[in-house]
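The file data-v1.tsv comes next; it holds TSV, C-alpha atoms.
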chain	number	residue	atom	x	y	z
A	1	MET	CA	8.61	-25.20	-10.96
A	2	ILE	CA	7.40	-21.91	-9.45
A	3	ARG	CA	5.64	-19.94	-12.18
A	4	ILE	CA	6.00	-16.15	-11.85
A	5	VAL	CA	4.45	-13.06	-13.42
A	6	ILE	CA	6.20	-9.70	-12.92
A	7	ALA	CA	4.57	-6.26	-13.16
A	8	GLU	CA	6.94	-3.29	-13.30
A	9	ASP	CA	6.65	-0.11	-15.36
A	10	GLN	CA	10.43	0.48	-15.63
A	11	ARG	CA	11.44	-1.67	-18.61
A	12	MET	CA	15.08	-2.12	-17.61
A	13	LEU	CA	14.13	-3.28	-14.12
A	14	LEU	CA	11.43	-5.56	-15.52
A	15	GLY	CA	14.02	-7.23	-17.78
A	16	ALA	CA	16.62	-7.49	-15.01
A	17	LEU	CA	14.15	-9.03	-12.54
A	18	GLY	CA	13.01	-11.53	-15.15
A	19	SER	CA	16.60	-12.56	-15.99
A	20	LEU	CA	17.56	-12.89	-12.30
A	21	LEU	CA	14.61	-15.11	-11.44
A	22	ASP	CA	15.03	-17.22	-14.60
A	23	LEU	CA	18.52	-18.12	-13.33
A	24	GLU	CA	16.92	-19.93	-10.36
A	25	LYS	CA	16.56	-23.67	-11.09
A	26	ASP	CA	13.10	-23.90	-9.52
A	27	MET	CA	11.60	-20.71	-11.02
A	28	GLU	CA	10.26	-19.62	-14.39
A	29	VAL	CA	9.04	-16.15	-15.38
A	30	VAL	CA	5.98	-16.86	-17.52
A	31	GLY	CA	4.75	-13.29	-18.05
A	32	LYS	CA	5.73	-9.62	-17.77
A	33	ALA	CA	3.43	-6.61	-17.49
A	34	SER	CA	4.05	-2.86	-17.36
A	35	ASN	CA	0.87	-1.83	-15.51
A	36	GLY	CA	-1.77	-3.14	-13.12
A	37	GLU	CA	-4.38	-3.71	-15.83
A	38	GLU	CA	-2.02	-5.89	-17.88
A	39	VAL	CA	-0.99	-7.95	-14.88
A	40	LEU	CA	-4.60	-8.86	-14.06
A	41	THR	CA	-5.10	-10.14	-17.62
A	42	LEU	CA	-1.85	-12.15	-17.45
A	43	VAL	CA	-2.71	-13.71	-14.08
A	44	LYS	CA	-6.13	-14.81	-15.35
A	45	ARG	CA	-4.64	-16.26	-18.53
A	46	LEU	CA	-1.43	-17.84	-17.18
A	47	GLN	CA	-2.50	-18.85	-13.63
A	48	PRO	CA	0.97	-18.26	-12.11
A	49	ASP	CA	1.93	-19.25	-8.54
A	50	ILE	CA	3.42	-15.84	-7.74
A	51	CYS	CA	2.85	-12.31	-8.98
A	52	ILE	CA	5.55	-9.75	-8.17
A	53	MET	CA	4.40	-6.18	-8.60
A	54	ASP	CA	5.47	-2.61	-8.18
A	55	ILE	CA	3.04	-0.14	-6.58
A	56	GLU	CA	3.22	3.00	-8.66
A	57	MET	CA	2.33	1.95	-12.20
A	58	PRO	CA	0.22	3.61	-14.91
A	59	ILE	CA	-3.46	2.76	-15.65
A	60	LYS	CA	-3.91	0.72	-12.46
A	61	SER	CA	-1.59	0.73	-9.45
A	62	GLY	CA	-0.07	-2.42	-7.98
A	63	LEU	CA	-2.19	-2.02	-4.85
A	64	ASP	CA	-5.41	-1.76	-6.89
A	65	ALA	CA	-4.39	-4.90	-8.77
A	66	ALA	CA	-3.45	-6.68	-5.50
A	67	GLU	CA	-6.90	-5.88	-4.07
A	68	GLU	CA	-8.52	-7.47	-7.14
A	69	LEU	CA	-6.33	-10.57	-6.76
A	70	LYS	CA	-7.14	-10.93	-3.05
A	71	ASN	CA	-9.12	-14.17	-3.45
A	72	ASP	CA	-7.06	-15.53	-6.33
A	73	SER	CA	-4.82	-18.57	-5.85
A	74	CYS	CA	-1.86	-16.51	-7.11
A	75	LYS	CA	0.24	-15.16	-4.22
A	76	VAL	CA	1.12	-11.46	-4.53
A	77	ILE	CA	4.48	-9.95	-3.58
A	78	VAL	CA	4.72	-6.16	-3.60
A	79	LEU	CA	8.23	-5.05	-4.60
A	80	THR	CA	8.62	-1.30	-4.26
A	81	THR	CA	10.90	1.61	-3.44
A	82	PHE	CA	8.27	3.01	-1.09
A	83	ALA	CA	8.43	2.17	2.61
A	84	ARG	CA	5.20	4.05	3.36
A	85	THR	CA	2.91	2.95	6.15
A	86	GLY	CA	-0.23	3.85	4.17
A	87	TYR	CA	0.86	1.61	1.30
A	88	PHE	CA	1.85	-1.16	3.70
A	89	GLU	CA	-1.54	-1.03	5.47
A	90	ARG	CA	-3.37	-1.26	2.14
A	91	ALA	CA	-1.18	-4.16	1.05
A	92	ARG	CA	-1.85	-6.01	4.30
A	93	LYS	CA	-5.60	-5.49	3.91
A	94	ALA	CA	-5.30	-6.91	0.38
A	95	GLU	CA	-3.64	-9.93	2.08
A	96	VAL	CA	-0.47	-9.80	-0.01
A	97	SER	CA	2.02	-12.56	0.80
A	98	GLY	CA	5.04	-10.28	0.74
A	99	TYR	CA	6.06	-6.62	0.83
A	100	LEU	CA	9.71	-6.18	-0.07
A	101	LEU	CA	11.85	-3.14	-0.83
A	102	LYS	CA	13.81	-2.78	-4.07
A	103	ASP	CA	17.05	-2.03	-2.25
A	104	SER	CA	17.10	-5.53	-0.69
A	105	PRO	CA	19.81	-7.92	-1.98
A	106	SER	CA	18.63	-9.85	-5.07
A	107	GLU	CA	19.06	-13.29	-3.43
A	108	ASP	CA	16.52	-12.18	-0.79
A	109	LEU	CA	13.83	-12.10	-3.48
A	110	ALA	CA	14.32	-15.73	-4.57
A	111	ASN	CA	14.49	-16.90	-0.94
A	112	SER	CA	11.36	-14.90	-0.10
A	113	ILE	CA	9.51	-16.49	-3.03
A	114	ARG	CA	10.36	-19.98	-1.74
A	115	THR	CA	9.30	-19.07	1.80
A	116	ILE	CA	6.00	-17.63	0.53
A	117	MET	CA	5.38	-20.79	-1.52
A	118	ASP	CA	5.69	-22.67	1.79
A	119	GLY	CA	2.70	-20.67	3.04
A	120	ARG	CA	4.45	-17.95	5.06
A	121	ARG	CA	4.34	-14.16	4.65
A	122	ILE	CA	7.40	-11.94	4.30
A	123	TYR	CA	7.42	-8.22	5.13
A	124	ALA	CA	10.47	-5.94	5.03
A	125	PRO	CA	11.52	-5.48	8.70
A	126	GLU	CA	11.55	-1.66	8.48
A	127	LEU	CA	7.87	-1.73	7.48
A	128	VAL	CA	6.89	-3.85	10.45
A	129	ASP	CA	8.67	-1.36	12.74
A	130	MET	CA	6.89	1.54	11.04
A	131	ALA	CA	3.50	-0.16	11.37
A	132	TYR	CA	3.99	-0.46	15.12
A	133	ASP	CA	5.02	3.19	15.35
A	134	ASN	CA	1.97	4.12	13.33
A	135	GLU	CA	-0.80	4.28	15.90
A	136	ASN	CA	-3.48	6.78	14.89
A	137	PRO	CA	-3.69	9.39	17.70
A	138	LEU	CA	-7.04	10.81	16.56
A	139	THR	CA	-10.39	10.03	18.20
A	140	ALA	CA	-13.35	8.92	16.05
A	141	ARG	CA	-14.79	12.48	16.18
A	142	GLU	CA	-11.44	14.05	15.19
A	143	GLU	CA	-11.25	11.59	12.28
A	144	GLN	CA	-14.71	12.73	11.14
A	145	VAL	CA	-13.57	16.36	11.26
A	146	ILE	CA	-10.34	15.77	9.30
A	147	LYS	CA	-12.25	13.70	6.73
A	148	LEU	CA	-14.69	16.58	6.15
A	149	ILE	CA	-11.79	19.03	5.89
A	150	ALA	CA	-10.24	16.72	3.25
A	151	GLU	CA	-13.55	16.85	1.36
A	152	GLY	CA	-13.12	20.62	1.17
A	153	LYS	CA	-15.70	21.63	3.79
A	154	ASN	CA	-15.17	24.78	5.82
A	155	THR	CA	-15.68	25.22	9.59
A	156	LYS	CA	-19.29	26.33	9.18
A	157	GLU	CA	-20.23	23.38	6.94
A	158	ILE	CA	-18.51	20.89	9.27
A	159	ALA	CA	-20.32	22.37	12.28
A	160	LYS	CA	-23.65	22.04	10.49
A	161	GLN	CA	-23.02	18.46	9.37
A	162	LEU	CA	-21.80	17.25	12.79
A	163	TYR	CA	-24.31	19.32	14.82
A	164	LEU	CA	-21.53	21.25	16.56
A	165	THR	CA	-20.85	24.94	17.09
A	166	ASN	CA	-18.23	26.71	14.95
A	167	GLY	CA	-16.09	27.20	18.07
A	168	THR	CA	-16.14	23.47	18.86
A	169	VAL	CA	-15.04	22.63	15.31
A	170	ARG	CA	-12.19	25.16	15.58
A	171	ASN	CA	-11.16	23.50	18.87
A	172	TYR	CA	-11.16	20.09	17.18
A	173	VAL	CA	-9.02	21.45	14.35
A	174	SER	CA	-6.43	22.90	16.72
A	175	VAL	CA	-6.31	19.61	18.71
A	176	ILE	CA	-5.85	17.66	15.44
A	177	LEU	CA	-2.99	19.93	14.30
A	178	ASP	CA	-1.40	19.63	17.73
A	179	LYS	CA	-1.70	15.82	17.87
A	180	LEU	CA	-0.32	15.40	14.35
A	181	ASP	CA	2.41	17.98	14.99
A	182	VAL	CA	1.63	19.92	11.81
A	183	SER	CA	1.05	23.63	11.24
A	184	ASN	CA	-2.00	23.70	8.96
A	185	ARG	CA	-4.96	21.75	7.58
A	186	ILE	CA	-3.23	20.82	4.30
A	187	GLU	CA	-0.27	19.25	6.14
A	188	ALA	CA	-2.73	17.41	8.40
A	189	ILE	CA	-4.63	15.94	5.42
A	190	SER	CA	-1.47	14.81	3.62
A	191	LEU	CA	-0.08	13.20	6.81
A	192	VAL	CA	-3.33	11.32	7.48
A	193	LYS	CA	-3.37	10.14	3.82
A	194	GLU	CA	0.28	9.07	3.93
A	195	LYS	CA	-0.27	7.09	7.15
A	196	GLY	CA	-3.34	5.39	5.68
A	197	TRP	CA	-5.64	6.60	8.50
A	198	PHE	CA	-8.57	7.63	6.31
A	199	LYS	CA	-11.12	4.84	6.67
Go through the file and emit its structure as structure tokens.
Amino acid sequence: MIRIVIAEDQRMLLGALGSLLDLEKDMEVVGKASNGEEVLTLVKRLQPDICIMDIEMPIKSGLDAAEELKNDSCKVIVLTTFARTGYFERARKAEVSGYLLKDSPSEDLANSIRTIMDGRRIYAPELVDMAYDNENPLTAREEQVIKLIAEGKNTKEIAKQLYLTNGTVRNYVSVILDKLDVSNRIEAISLVKEKGWFK
């Protein structure tokens, strides 16, 4: 019997997922949590085989919880609405066994669980495509500049910290905006965050 814990902050969805998986002859939902903190406690106490979790949950996100479970024997499956490359990168670094989207057919979830129990990983195909289209175009120096901008530093402060002239920093900024195809610093920061390029 595959023992499963589910973490999902939408109660109706949590109940529906639990009922669906309990219908499978080889699966049993042993615990349900509504946030990342709760799920960590349940996993420690119940020692399930699989933990299915949403990303955006209160108190502690699913990705934070997945990072804490990285070396646990419990295999983590992220089940989310969000096909975002930044989330996917973080999930892969946390070595999750699966990253599935909520709009997949329900039988896909049970089949994915069985495949993961056999030691394989399952990622939604659209995420794999996005990851390959997600090459960071910025050089190491440009990354330093955008990181300092994100920290709220102005041109003068960045120039001082990186031992550059103000003009050189301005050049870097315009190259960054051009490469990212955005019109200002705020758009640049949010794009870099969304893509998961901040180291």
Separation of CA of Glu194 in chain A from CA of Met53 in chain A in Å: 20.2 Å
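Coordinates place CA of Val192 in chain A at a distance of 22.2 Å from CA of Val78 in chain A.
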Spatial neighbours of Ile52 in chain A, max dist 9 Å, all atoms listed in the file, sep filter under 5 positions, as a compact mmCIF listing (two decimals) with C-alpha atoms, in the coordinates of the input:
# COMPACT_ATOMS: atom_id res chain seq x y z
CA ILE A 4 6.00 -16.15 -11.85
CA VAL A 5 4.45 -13.06 -13.42
CA ILE A 6 6.20 -9.70 -12.92
CA ALA A 7 4.57 -6.26 -13.16
CA GLU A 8 6.94 -3.29 -13.30
CA LYS A 75 0.24 -15.16 -4.22
CA VAL A 76 1.12 -11.46 -4.53
CA ILE A 77 4.48 -9.95 -3.58
CA VAL A 78 4.72 -6.16 -3.60
CA LEU A 79 8.23 -5.05 -4.60
CA GLY A 98 5.04 -10.28 0.74
Selection: 9 Å around range 107-115 of chain A, only C-alpha atoms, excl. self and same-chain fewer than 2 positions, as a PyMOL selection string: chain A and resi 2+20-21+24+27+50+77+98+100+104-105+117-122
Gap from CA of Leu63 in chain A to CA of Lys93 in chain A - Å, one decimal: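 Answer for the CA of Leu63 in chain A to CA of Lys93 in chain A separation: 10.0 Å.
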Nearest residue to Thr81 in chain A from the set A:Ile189, A:Leu127, A:Ala66, A:Ile59 (distances using all atoms listed in the file): A:Leu127
Surrounding residues of Leu148 in chain A excluding itself and chain neighbours under 6 positions, 12 Å, all atoms listed in the file, as a list in words: Arg141, Glu142, Asn154, Thr155, Lys156, Glu157, Ile158, Ala159, Lys160, Gln161, Leu162, Val169, Val173, Arg185, Ile189 and Phe198 of chain A
Residue among A:Gly167, A:Ala91, A:Gln47, A:Leu14 lying closest to Lys32 in chain A, counting only C-alpha atoms: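 Nearest candidate to Lys32 in chain A out of A:Gly167, A:Ala91, A:Gln47, A:Leu14: A:Leu14.
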Surrounding residues of Pro48 in chain A excluding itself and chain neighbours under 2 positions, 9 Å, only C-alpha atoms, as a list of chain:residue names: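 Result of the neighbour search: A:Ile2, A:Arg3, A:Ile4, A:Val5, A:Val29, A:Val30, A:Gly31, A:Leu42, A:Val43, A:Lys44, A:Arg45, A:Leu46, A:Ile50, A:Cys51, A:Ser73, A:Cys74, A:Lys75.
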Tell me which protein, DNA and RNA residues are within 12 Å of Gly86 in chain A, counting all atoms listed in the file, leaving out same-chain ones fewer than 6 positions away, and put them as a JSON list (two decimals) with C-alpha atoms, in the frame of the given file.
[["chain", "number", "residue", "atom", "x", "y", "z"],
["A", 55, "ILE", "CA", 3.04, -0.14, -6.58],
["A", 63, "LEU", "CA", -2.19, -2.02, -4.85],
["A", 92, "ARG", "CA", -1.85, -6.01, 4.30],
["A", 93, "LYS", "CA", -5.60, -5.49, 3.91],
["A", 127, "LEU", "CA", 7.87, -1.73, 7.48],
["A", 130, "MET", "CA", 6.89, 1.54, 11.04],
["A", 131, "ALA", "CA", 3.50, -0.16, 11.37],
["A", 134, "ASN", "CA", 1.97, 4.12, 13.33],
["A", 135, "GLU", "CA", -0.80, 4.28, 15.90],
["A", 136, "ASN", "CA", -3.48, 6.78, 14.89],
["A", 190, "SER", "CA", -1.47, 14.81, 3.62],
["A", 191, "LEU", "CA", -0.08, 13.20, 6.81],
["A", 192, "VAL", "CA", -3.33, 11.32, 7.48],
["A", 193, "LYS", "CA", -3.37, 10.14, 3.82],
["A", 194, "GLU", "CA", 0.28, 9.07, 3.93],
["A", 195, "LYS", "CA", -0.27, 7.09, 7.15],
["A", 196, "GLY", "CA", -3.34, 5.39, 5.68],
["A", 197, "TRP", "CA", -5.64, 6.60, 8.50],
["A", 198, "PHE", "CA", -8.57, 7.63, 6.31],
["A", 199, "LYS", "CA", -11.12, 4.84, 6.67]]
Limit the output to N, CA and C atoms and give range 99-127 of chain A as a PDB file, in the first residue's frame.
ATOM      1  N   TYR A  99       6.542  17.104 -10.613  1.00  0.00           N
ATOM      2  CA  TYR A  99       6.000  18.470 -10.670  1.00  0.00           C
ATOM      3  C   TYR A  99       4.869  18.396 -11.681  1.00  0.00           C
ATOM      4  N   LEU A 100       3.640  18.376 -11.165  1.00  0.00           N
ATOM      5  CA  LEU A 100       2.469  18.197 -12.023  1.00  0.00           C
ATOM      6  C   LEU A 100       1.552  19.408 -11.925  1.00  0.00           C
ATOM      7  N   LEU A 101       0.767  19.615 -12.966  1.00  0.00           N
ATOM      8  CA  LEU A 101      -0.146  20.759 -12.987  1.00  0.00           C
ATOM      9  C   LEU A 101      -1.560  20.300 -12.652  1.00  0.00           C
ATOM     10  N   LYS A 102      -2.306  21.162 -11.952  1.00  0.00           N
ATOM     11  CA  LYS A 102      -3.637  20.791 -11.474  1.00  0.00           C
ATOM     12  C   LYS A 102      -4.633  20.561 -12.603  1.00  0.00           C
ATOM     13  N   ASP A 103      -4.345  21.076 -13.796  1.00  0.00           N
ATOM     14  CA  ASP A 103      -5.316  20.852 -14.870  1.00  0.00           C
ATOM     15  C   ASP A 103      -5.069  19.537 -15.619  1.00  0.00           C
ATOM     16  N   SER A 104      -4.149  18.704 -15.110  1.00  0.00           N
ATOM     17  CA  SER A 104      -3.946  17.375 -15.718  1.00  0.00           C
ATOM     18  C   SER A 104      -5.133  16.481 -15.366  1.00  0.00           C
ATOM     19  N   PRO A 105      -5.424  15.457 -16.200  1.00  0.00           N
ATOM     20  CA  PRO A 105      -6.503  14.520 -15.860  1.00  0.00           C
ATOM     21  C   PRO A 105      -6.203  13.800 -14.542  1.00  0.00           C
ATOM     22  N   SER A 106      -7.247  13.504 -13.757  1.00  0.00           N
ATOM     23  CA  SER A 106      -7.028  12.936 -12.418  1.00  0.00           C
ATOM     24  C   SER A 106      -6.335  11.575 -12.458  1.00  0.00           C
ATOM     25  N   GLU A 107      -6.579  10.755 -13.507  1.00  0.00           N
ATOM     26  CA  GLU A 107      -5.912   9.438 -13.548  1.00  0.00           C
ATOM     27  C   GLU A 107      -4.401   9.586 -13.731  1.00  0.00           C
ATOM     28  N   ASP A 108      -3.973  10.735 -14.297  1.00  0.00           N
ATOM     29  CA  ASP A 108      -2.525  10.979 -14.444  1.00  0.00           C
ATOM     30  C   ASP A 108      -1.830  10.996 -13.092  1.00  0.00           C
ATOM     31  N   LEU A 109      -2.518  11.528 -12.070  1.00  0.00           N
ATOM     32  CA  LEU A 109      -1.904  11.651 -10.749  1.00  0.00           C
ATOM     33  C   LEU A 109      -1.600  10.271 -10.171  1.00  0.00           C
ATOM     34  N   ALA A 110      -2.591   9.363 -10.196  1.00  0.00           N
ATOM     35  CA  ALA A 110      -2.382   8.018  -9.656  1.00  0.00           C
ATOM     36  C   ALA A 110      -1.273   7.295 -10.427  1.00  0.00           C
ATOM     37  N   ASN A 111      -1.297   7.416 -11.759  1.00  0.00           N
ATOM     38  CA  ASN A 111      -0.255   6.755 -12.573  1.00  0.00           C
ATOM     39  C   ASN A 111       1.120   7.331 -12.281  1.00  0.00           C
ATOM     40  N   SER A 112       1.171   8.664 -12.096  1.00  0.00           N
ATOM     41  CA  SER A 112       2.447   9.318 -11.780  1.00  0.00           C
ATOM     42  C   SER A 112       2.986   8.830 -10.442  1.00  0.00           C
ATOM     43  N   ILE A 113       2.079   8.669  -9.464  1.00  0.00           N
ATOM     44  CA  ILE A 113       2.496   8.196  -8.135  1.00  0.00           C
ATOM     45  C   ILE A 113       3.144   6.813  -8.262  1.00  0.00           C
ATOM     46  N   ARG A 114       2.517   5.937  -9.034  1.00  0.00           N
ATOM     47  CA  ARG A 114       3.077   4.582  -9.209  1.00  0.00           C
ATOM     48  C   ARG A 114       4.446   4.642  -9.895  1.00  0.00           C
ATOM     49  N   THR A 115       4.555   5.471 -10.920  1.00  0.00           N
ATOM     50  CA  THR A 115       5.823   5.604 -11.646  1.00  0.00           C
ATOM     51  C   THR A 115       6.921   6.120 -10.722  1.00  0.00           C
ATOM     52  N   ILE A 116       6.565   7.110  -9.892  1.00  0.00           N
ATOM     53  CA  ILE A 116       7.533   7.698  -8.950  1.00  0.00           C
ATOM     54  C   ILE A 116       7.950   6.658  -7.901  1.00  0.00           C
ATOM     55  N   MET A 117       7.003   5.835  -7.471  1.00  0.00           N
ATOM     56  CA  MET A 117       7.333   4.768  -6.514  1.00  0.00           C
ATOM     57  C   MET A 117       8.311   3.760  -7.128  1.00  0.00           C
ATOM     58  N   ASP A 118       8.312   3.672  -8.461  1.00  0.00           N
ATOM     59  CA  ASP A 118       9.272   2.791  -9.155  1.00  0.00           C
ATOM     60  C   ASP A 118      10.638   3.455  -9.327  1.00  0.00           C
ATOM     61  N   GLY A 119      10.784   4.667  -8.759  1.00  0.00           N
ATOM     62  CA  GLY A 119      12.090   5.322  -8.777  1.00  0.00           C
ATOM     63  C   GLY A 119      12.315   6.309  -9.907  1.00  0.00           C
ATOM     64  N   ARG A 120      11.262   6.631 -10.672  1.00  0.00           N
ATOM     65  CA  ARG A 120      11.429   7.601 -11.760  1.00  0.00           C
ATOM     66  C   ARG A 120      10.889   8.961 -11.335  1.00  0.00           C
ATOM     67  N   ARG A 121      11.231   9.985 -12.105  1.00  0.00           N
ATOM     68  CA  ARG A 121      10.707  11.338 -11.854  1.00  0.00           C
ATOM     69  C   ARG A 121       9.703  11.686 -12.947  1.00  0.00           C
ATOM     70  N   ILE A 122       8.716  12.504 -12.595  1.00  0.00           N
ATOM     71  CA  ILE A 122       7.702  12.919 -13.572  1.00  0.00           C
ATOM     72  C   ILE A 122       7.554  14.434 -13.511  1.00  0.00           C
ATOM     73  N   TYR A 123       7.797  15.088 -14.657  1.00  0.00           N
ATOM     74  CA  TYR A 123       7.599  16.537 -14.739  1.00  0.00           C
ATOM     75  C   TYR A 123       6.598  16.825 -15.854  1.00  0.00           C
ATOM     76  N   ALA A 124       5.693  17.769 -15.618  1.00  0.00           N
ATOM     77  CA  ALA A 124       4.737  18.169 -16.664  1.00  0.00           C
ATOM     78  C   ALA A 124       5.519  18.587 -17.907  1.00  0.00           C
ATOM     79  N   PRO A 125       5.151  18.065 -19.096  1.00  0.00           N
ATOM     80  CA  PRO A 125       5.919  18.336 -20.315  1.00  0.00           C
ATOM     81  C   PRO A 125       6.111  19.822 -20.616  1.00  0.00           C
ATOM     82  N   GLU A 126       5.066  20.636 -20.329  1.00  0.00           N
ATOM     83  CA  GLU A 126       5.200  22.073 -20.649  1.00  0.00           C
ATOM     84  C   GLU A 126       6.294  22.741 -19.817  1.00  0.00           C
ATOM     85  N   LEU A 127       6.549  22.203 -18.622  1.00  0.00           N
ATOM     86  CA  LEU A 127       7.602  22.763 -17.769  1.00  0.00           C
ATOM     87  C   LEU A 127       8.982  22.423 -18.305  1.00  0.00           C
TER      88      LEU A 127
END
